[in-house]
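Written below as structure tokens is the structure these notes are about.
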Amino acid sequence: MNTEIINKADKVIAKTYKRFPIVIESGKACILRDTQGREYIDFVAGVAVCCLGHTHPRIAEAISKQANILFHVSNLFYTIPQVELASLLVEKSFADRVFFCNSGAEANEAAIKLARKYFKDKGQEGRYGIIAMEKSFHGRTMATLSATGQDKIRKGFEPVLEGFDFVQFSDTEGLRRRIGPSTCAVLVEPIQGEGGVRCPDPGYLEAVRQICNDTGTLLIFDEIQTGIGRTGKLFAYEHFGVEPDIMTLAKALGNGLPIGAMLAKEEVASAFGPGSHGSTFGGTPIVTAAALEVLKTLEEEKIIDHCKEMGAYFKERLLWLKNRHKDIEDVRGFGLILGMKLKKEGQPVVSRCMEKGFLINCIQGNILRFIPPLIIKKHEIDSLVTCLDEIL
Ligand SMILES: *Cc1c(COP(=O)(O)O)cnc(C)c1O
């Protein structure tokens, strides 16, 4: 069954991913099962997507209930789940308005377009530059790869879009020097996810906010990976006491259903009027009904508190490993976005873990990333730590 499917896939699916040689058939909470009946504890969660784990009964119920009411009508009309989801996001964040789309890249596209439009509307025609960070990741569309500070993502697709510039993450002075009269926005992930779970230096995001205030530049937080509870707060910016002008979300918002969102303060959001931007599927009823239930479940079942507690415990266990193995260089992260930097290649460790029934992920060659469902249990963390202890 496995090889049959894999051979078939290799003939017909675009070769854009290097996949593990397993076919996942089903999942429940933090456990995935492949077509050969093997089980894995999932510390990847569909790349920080399945915050409530797999096939969560409340989300499954919300989807199937909505499926019997209405799938889709486009944004020519109002629909109830979309309005309710937007209201809840506004209530729980700094923002006043929400634009819905279908992915992280699209949310960042919307943010980039909004920032440019905001200054055009003010008559500042030449103010379209975006400053992003080295080692950032903002997506794979032309605009978002242009905003991504990693050569490997841009390579082969040049020329990239004009108006994107990069500075080192956590380099306050570099940012201050780089902002000029043509800069419209600074785009930053509060914690760099794909770049290696890189956390900001103390005071950095506060300084970025101040620099943006001083220069009248918009601040965009890409919380596509850090948002929706992952760091132990609903949004990562809450850790730092600063608010952006625009924020993008996707990944965990739909717990596996494709949804992206761009949130902004009224003054900025009002630069988008009828016809400025759009998406056929954006905020469609089934997906927004699921996302609404995700937010309600996180709150009612106190999942974010659990994430904070498990994150602290997990980090302590990883630090314990670091004390025992000289191949471990660094342990970092907030809540349940944790990284462990090795002094050697990470991929062989990932493969060994998979053989032993644990799915983890390696980024930037030597950084193991742990982004499990936020409902992960202590004993599941313990069993991974034991496995890593043996492998290392
Ligand atoms: C995953 C990710 C994106 C891109 O999201 P897609 O849904 O894959 O387009 C953008 N920014 C960050 C920080 C991400 O982690």
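In the structure tokens, each chain is lettered A, B, ... as it comes, each chain's residues begin at 1, and ligands are numbered from 1 in order of appearance.
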*So which residues are near ligand 1, meaning at most 6 Å away with only C-alpha atoms and all ligand atoms counted, given back as a PyMOL selection string?*
chain A and resi 103-105+137-139+189+193+222+224-225
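In terms of minimum interatomic distance to Gly149 of chain A, A:Phe166 ranks closest within A:Phe119, A:Phe100, A:Phe166, A:Phe77, counting only C-alpha atoms.
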*Excluding same-chain residues fewer than 6 positions from Lys343 of chain A, what lies within 9 Å of it counting only C-alpha atoms, as a PyMOL selection string?*
chain A and resi 326-329+366
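Comparing A:Leu76, A:Leu205, A:Ile220, A:Leu318 by their smallest distance to Asn108 of chain A, the closest is A:Ile220 (using only C-alpha atoms).
Considering only C-alpha atoms, the residue among A:Val294, A:Ile371, A:Cys387, A:Ala107 positioned nearest to Arg352 of chain A is A:Cys387.
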*asked:* Using only C-alpha atoms, which protein or nucleic acid residues come within 12 Å of Lys344 of chain A? Drop anything in the same chain fewer than 2 positions from it, and give the result as a PyMOL selection string.
replied: chain A and resi 325-329+340-342+346-349+362+364-368+392
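If you count only C-alpha atoms and ignore residues fewer than 6 places along the chain from segment 25-28 of chain A, what sits within 8 Å of it is Asp34, Thr35, Gly53, His54, Thr55 and His56 of chain A.
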*Tell me, as a PyMOL selection string, which residues lie within 12 Å of Lys377 of chain A, counting only C-alpha atoms; anything in the same chain fewer than 6 positions away does not count.*
chain A and resi 29-31+41-43+53+303+306-307+309-311+313-314+336+383-384
Could those selected residues go to a file with all heavy atoms, as a short mmCIF file (atom, residue, chain, number, x, y, z; two decimals), in the first residue's frame?
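As written to disk, part_32.cif reads:
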data_model
loop_
_atom_site.label_atom_id
_atom_site.label_comp_id
_atom_site.auth_asym_id
_atom_site.auth_seq_id
_atom_site.Cartn_x
_atom_site.Cartn_y
_atom_site.Cartn_z
N ALA A 29 -5.99 13.43 17.95
CA ALA A 29 -5.22 14.25 18.90
C ALA A 29 -3.77 14.38 18.42
O ALA A 29 -3.53 14.86 17.33
CB ALA A 29 -5.34 13.69 20.31
N CYS A 30 -2.79 13.88 19.21
CA CYS A 30 -1.38 14.06 18.81
C CYS A 30 -0.80 12.83 18.12
O CYS A 30 0.41 12.74 17.92
CB CYS A 30 -0.54 14.42 20.02
SG CYS A 30 -1.08 15.96 20.78
N ILE A 31 -1.66 11.87 17.79
CA ILE A 31 -1.18 10.62 17.19
C ILE A 31 -1.58 10.54 15.71
O ILE A 31 -2.75 10.76 15.38
CB ILE A 31 -1.78 9.38 17.92
CG1 ILE A 31 -1.54 9.45 19.43
CG2 ILE A 31 -1.23 8.08 17.33
CD1 ILE A 31 -0.12 9.31 19.88
N ILE A 41 3.89 9.91 17.27
CA ILE A 41 3.49 11.10 18.04
C ILE A 41 3.96 12.31 17.24
O ILE A 41 5.12 12.39 16.83
CB ILE A 41 4.09 11.10 19.46
CG1 ILE A 41 3.70 9.82 20.21
CG2 ILE A 41 3.59 12.33 20.23
CD1 ILE A 41 4.21 9.75 21.63
N ASP A 42 3.05 13.22 17.02
CA ASP A 42 3.25 14.28 16.05
C ASP A 42 3.76 15.58 16.71
O ASP A 42 2.99 16.28 17.36
CB ASP A 42 1.92 14.54 15.33
CG ASP A 42 2.04 15.57 14.23
OD1 ASP A 42 3.18 15.94 13.89
OD2 ASP A 42 0.99 15.99 13.72
N PHE A 43 5.03 15.87 16.51
CA PHE A 43 5.60 17.12 17.01
C PHE A 43 5.79 18.15 15.88
O PHE A 43 6.58 19.08 16.02
CB PHE A 43 6.93 16.86 17.73
CG PHE A 43 6.76 16.25 19.10
CD1 PHE A 43 6.62 14.88 19.25
CD2 PHE A 43 6.68 17.06 20.23
CE1 PHE A 43 6.42 14.32 20.52
CE2 PHE A 43 6.49 16.51 21.49
CZ PHE A 43 6.36 15.13 21.63
N GLY A 53 -4.72 19.51 17.63
CA GLY A 53 -4.46 18.12 17.27
C GLY A 53 -5.32 17.72 16.09
O GLY A 53 -5.99 18.54 15.45
N ILE A 303 -6.71 26.02 26.60
CA ILE A 303 -5.61 25.35 25.90
C ILE A 303 -4.33 26.19 25.94
O ILE A 303 -3.23 25.64 25.97
CB ILE A 303 -5.99 25.06 24.42
CG1 ILE A 303 -7.32 24.34 24.30
CG2 ILE A 303 -4.86 24.32 23.69
CD1 ILE A 303 -7.33 22.90 24.64
N HIS A 306 -2.47 25.62 29.01
CA HIS A 306 -1.84 24.30 28.92
C HIS A 306 -0.57 24.37 28.07
O HIS A 306 0.47 23.81 28.43
CB HIS A 306 -2.84 23.30 28.31
CG HIS A 306 -2.28 21.93 28.10
ND1 HIS A 306 -2.14 21.02 29.12
CD2 HIS A 306 -1.79 21.33 26.99
CE1 HIS A 306 -1.58 19.91 28.64
NE2 HIS A 306 -1.37 20.07 27.35
N CYS A 307 -0.67 25.11 26.95
CA CYS A 307 0.49 25.27 26.06
C CYS A 307 1.65 25.92 26.80
O CYS A 307 2.81 25.49 26.68
CB CYS A 307 0.07 26.12 24.85
SG CYS A 307 1.45 26.82 23.94
N GLU A 309 2.24 25.94 30.00
CA GLU A 309 2.77 25.00 31.00
C GLU A 309 3.61 23.89 30.34
O GLU A 309 4.73 23.61 30.76
CB GLU A 309 1.56 24.39 31.72
CG GLU A 309 1.86 23.72 33.03
CD GLU A 309 0.58 23.11 33.59
OE1 GLU A 309 -0.46 23.80 33.60
OE2 GLU A 309 0.62 21.94 33.98
N MET A 310 3.06 23.32 29.25
CA MET A 310 3.79 22.25 28.55
C MET A 310 5.06 22.80 27.90
O MET A 310 6.09 22.12 27.86
CB MET A 310 2.90 21.59 27.49
CG MET A 310 1.81 20.71 28.02
SD MET A 310 2.39 19.38 29.09
CE MET A 310 1.90 19.97 30.66
N GLY A 311 4.96 24.03 27.39
CA GLY A 311 6.13 24.65 26.76
C GLY A 311 7.26 24.81 27.75
O GLY A 311 8.43 24.50 27.44
N TYR A 313 7.71 23.13 30.49
CA TYR A 313 8.20 21.81 30.86
C TYR A 313 9.10 21.22 29.77
O TYR A 313 10.20 20.71 30.04
CB TYR A 313 6.99 20.88 31.12
CG TYR A 313 7.39 19.47 31.44
CD1 TYR A 313 7.96 19.15 32.67
CD2 TYR A 313 7.21 18.44 30.50
CE1 TYR A 313 8.36 17.85 32.96
CE2 TYR A 313 7.60 17.15 30.78
CZ TYR A 313 8.17 16.85 32.01
OH TYR A 313 8.55 15.57 32.29
N PHE A 314 8.64 21.35 28.54
CA PHE A 314 9.36 20.81 27.37
C PHE A 314 10.75 21.48 27.28
O PHE A 314 11.78 20.81 27.10
CB PHE A 314 8.53 21.09 26.12
CG PHE A 314 8.86 20.28 24.89
CD1 PHE A 314 8.03 20.36 23.77
CD2 PHE A 314 9.97 19.45 24.83
CE1 PHE A 314 8.30 19.63 22.61
CE2 PHE A 314 10.25 18.71 23.67
CZ PHE A 314 9.41 18.81 22.57
N LEU A 336 5.08 26.53 22.82
CA LEU A 336 5.32 25.31 22.04
C LEU A 336 5.83 25.61 20.64
O LEU A 336 5.47 24.93 19.67
CB LEU A 336 4.07 24.43 22.04
CG LEU A 336 3.82 23.74 23.39
CD1 LEU A 336 2.44 23.09 23.44
CD2 LEU A 336 4.90 22.70 23.72
N SER A 383 8.33 10.97 26.36
CA SER A 383 8.78 9.86 25.52
C SER A 383 9.64 10.37 24.36
O SER A 383 10.60 9.71 23.98
CB SER A 383 7.61 8.98 25.05
OG SER A 383 6.64 9.76 24.42
N LEU A 384 9.37 11.56 23.83
CA LEU A 384 10.25 12.11 22.80
C LEU A 384 11.63 12.43 23.38
O LEU A 384 12.66 12.14 22.76
CB LEU A 384 9.66 13.39 22.19
CG LEU A 384 10.61 14.10 21.22
CD1 LEU A 384 10.82 13.28 19.95
CD2 LEU A 384 10.14 15.51 20.87
#
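Distance check against Lys117 of chain A using only C-alpha atoms: of A:Cys184, A:Leu32, A:Met133, A:Leu89, the minimum falls on A:Cys184.
Residue-level DSSP output for segment 232-359 of chain A, from the backbone, shows strand (DSSP E or B) at Ile246, Met247, Thr248, Leu249, Asn255, Leu257, Gly260, Ala261, Met262, Leu263, Ala264, Ile328, Glu329, Asp330, Val331, Arg332, Gly333, Phe334, Ile337, Leu338, Gly339, Met340, Lys341, Leu342, Phe358 and Leu359 of chain A.
Within the 9 Å cut-off around Glu223 of chain A, using only C-alpha atoms and omitting residues fewer than 5 positions from it on the same chain, the listed residues are Val188, Glu189, Pro190, Ile191, Ile228, Phe235, Ala236, Tyr237, Met247, Thr248, Leu249 and Ala250 of chain A.
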Output file for the selection above: C-alpha atoms, as a short mmCIF file (atom, residue, chain, number, x, y, z; two decimals), in the first residue's frame:
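Below is the file again16.cif, written as the result:
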data_model
loop_
_atom_site.label_atom_id
_atom_site.label_comp_id
_atom_site.auth_asym_id
_atom_site.auth_seq_id
_atom_site.Cartn_x
_atom_site.Cartn_y
_atom_site.Cartn_z
CA VAL A 188 8.88 41.19 11.02
CA GLU A 189 8.03 37.86 12.61
CA PRO A 190 8.04 38.35 16.41
CA ILE A 191 9.87 35.01 16.57
CA ILE A 228 -3.22 31.47 17.84
CA PHE A 235 -0.62 36.42 19.78
CA ALA A 236 3.14 36.59 20.31
CA TYR A 237 3.13 40.40 20.37
CA MET A 247 -0.85 41.55 11.59
CA THR A 248 -1.09 38.43 9.47
CA LEU A 249 -2.41 35.05 10.57
CA ALA A 250 -2.93 31.67 8.91
#
If you run DSSP on the backbone, which residues of segment 252-294 of chain A are helix (DSSP H, G or I), as a CSV table (one decimal) with N, CA, C and O atoms, in the first residue's frame?
chain,number,residue,atom,x,y,z
A,252,ALA,N,-2.4,28.0,12.2
A,252,ALA,CA,-3.3,27.4,13.2
A,252,ALA,C,-4.7,27.9,13.3
A,252,ALA,O,-5.6,27.3,13.9
A,253,LEU,N,-5.0,29.0,12.6
A,253,LEU,CA,-6.3,29.6,12.7
A,253,LEU,C,-7.4,28.7,12.3
A,253,LEU,O,-8.5,28.7,13.0
A,254,GLY,N,-7.2,27.8,11.3
A,254,GLY,CA,-8.2,26.9,10.9
A,254,GLY,C,-8.0,25.5,11.4
A,254,GLY,O,-8.7,24.6,11.0
A,266,GLU,N,-8.1,50.6,12.3
A,266,GLU,CA,-9.0,51.3,11.4
A,266,GLU,C,-8.3,52.3,10.5
A,266,GLU,O,-8.6,52.3,9.3
A,267,GLU,N,-7.5,53.1,11.0
A,267,GLU,CA,-6.9,54.1,10.1
A,267,GLU,C,-6.2,53.6,8.9
A,267,GLU,O,-6.2,54.1,7.8
A,268,VAL,N,-5.5,52.4,9.2
A,268,VAL,CA,-4.8,51.8,8.1
A,268,VAL,C,-5.7,51.0,7.2
A,268,VAL,O,-5.7,51.1,6.0
A,269,ALA,N,-6.6,50.2,7.9
A,269,ALA,CA,-7.5,49.3,7.2
A,269,ALA,C,-8.4,50.1,6.2
A,269,ALA,O,-8.8,49.5,5.1
A,285,PRO,N,-17.8,30.2,4.3
A,285,PRO,CA,-18.5,29.7,5.6
A,285,PRO,C,-17.9,28.5,6.3
A,285,PRO,O,-17.7,28.5,7.5
A,286,ILE,N,-17.6,27.5,5.5
A,286,ILE,CA,-17.1,26.2,6.2
A,286,ILE,C,-15.8,26.5,7.0
A,286,ILE,O,-15.7,26.1,8.1
A,287,VAL,N,-14.9,27.2,6.3
A,287,VAL,CA,-13.6,27.5,6.9
A,287,VAL,C,-13.7,28.4,8.1
A,287,VAL,O,-13.1,28.2,9.1
A,288,THR,N,-14.5,29.4,7.9
A,288,THR,CA,-14.7,30.4,9.1
A,288,THR,C,-15.4,29.8,10.2
A,288,THR,O,-15.2,30.1,11.4
A,289,ALA,N,-16.4,28.9,9.9
A,289,ALA,CA,-17.1,28.2,11.0
A,289,ALA,C,-16.1,27.3,11.8
A,289,ALA,O,-16.1,27.3,13.1
A,290,ALA,N,-15.1,26.7,11.1
A,290,ALA,CA,-14.1,25.9,11.8
A,290,ALA,C,-13.2,26.8,12.6
A,290,ALA,O,-12.9,26.5,13.8
A,291,ALA,N,-12.7,27.9,12.0
A,291,ALA,CA,-11.8,28.8,12.8
A,291,ALA,C,-12.5,29.4,14.0
A,291,ALA,O,-11.9,29.5,15.0
A,292,LEU,N,-13.8,29.7,13.9
A,292,LEU,CA,-14.5,30.3,15.0
A,292,LEU,C,-14.5,29.2,16.1
A,292,LEU,O,-14.3,29.6,17.3
A,293,GLU,N,-14.7,28.0,15.8
A,293,GLU,CA,-14.8,26.9,16.8
A,293,GLU,C,-13.4,26.7,17.4
A,293,GLU,O,-13.2,26.4,18.6
A,294,VAL,N,-12.3,26.9,16.6
A,294,VAL,CA,-10.9,26.8,17.1
A,294,VAL,C,-10.7,27.8,18.2
A,294,VAL,O,-10.3,27.5,19.3
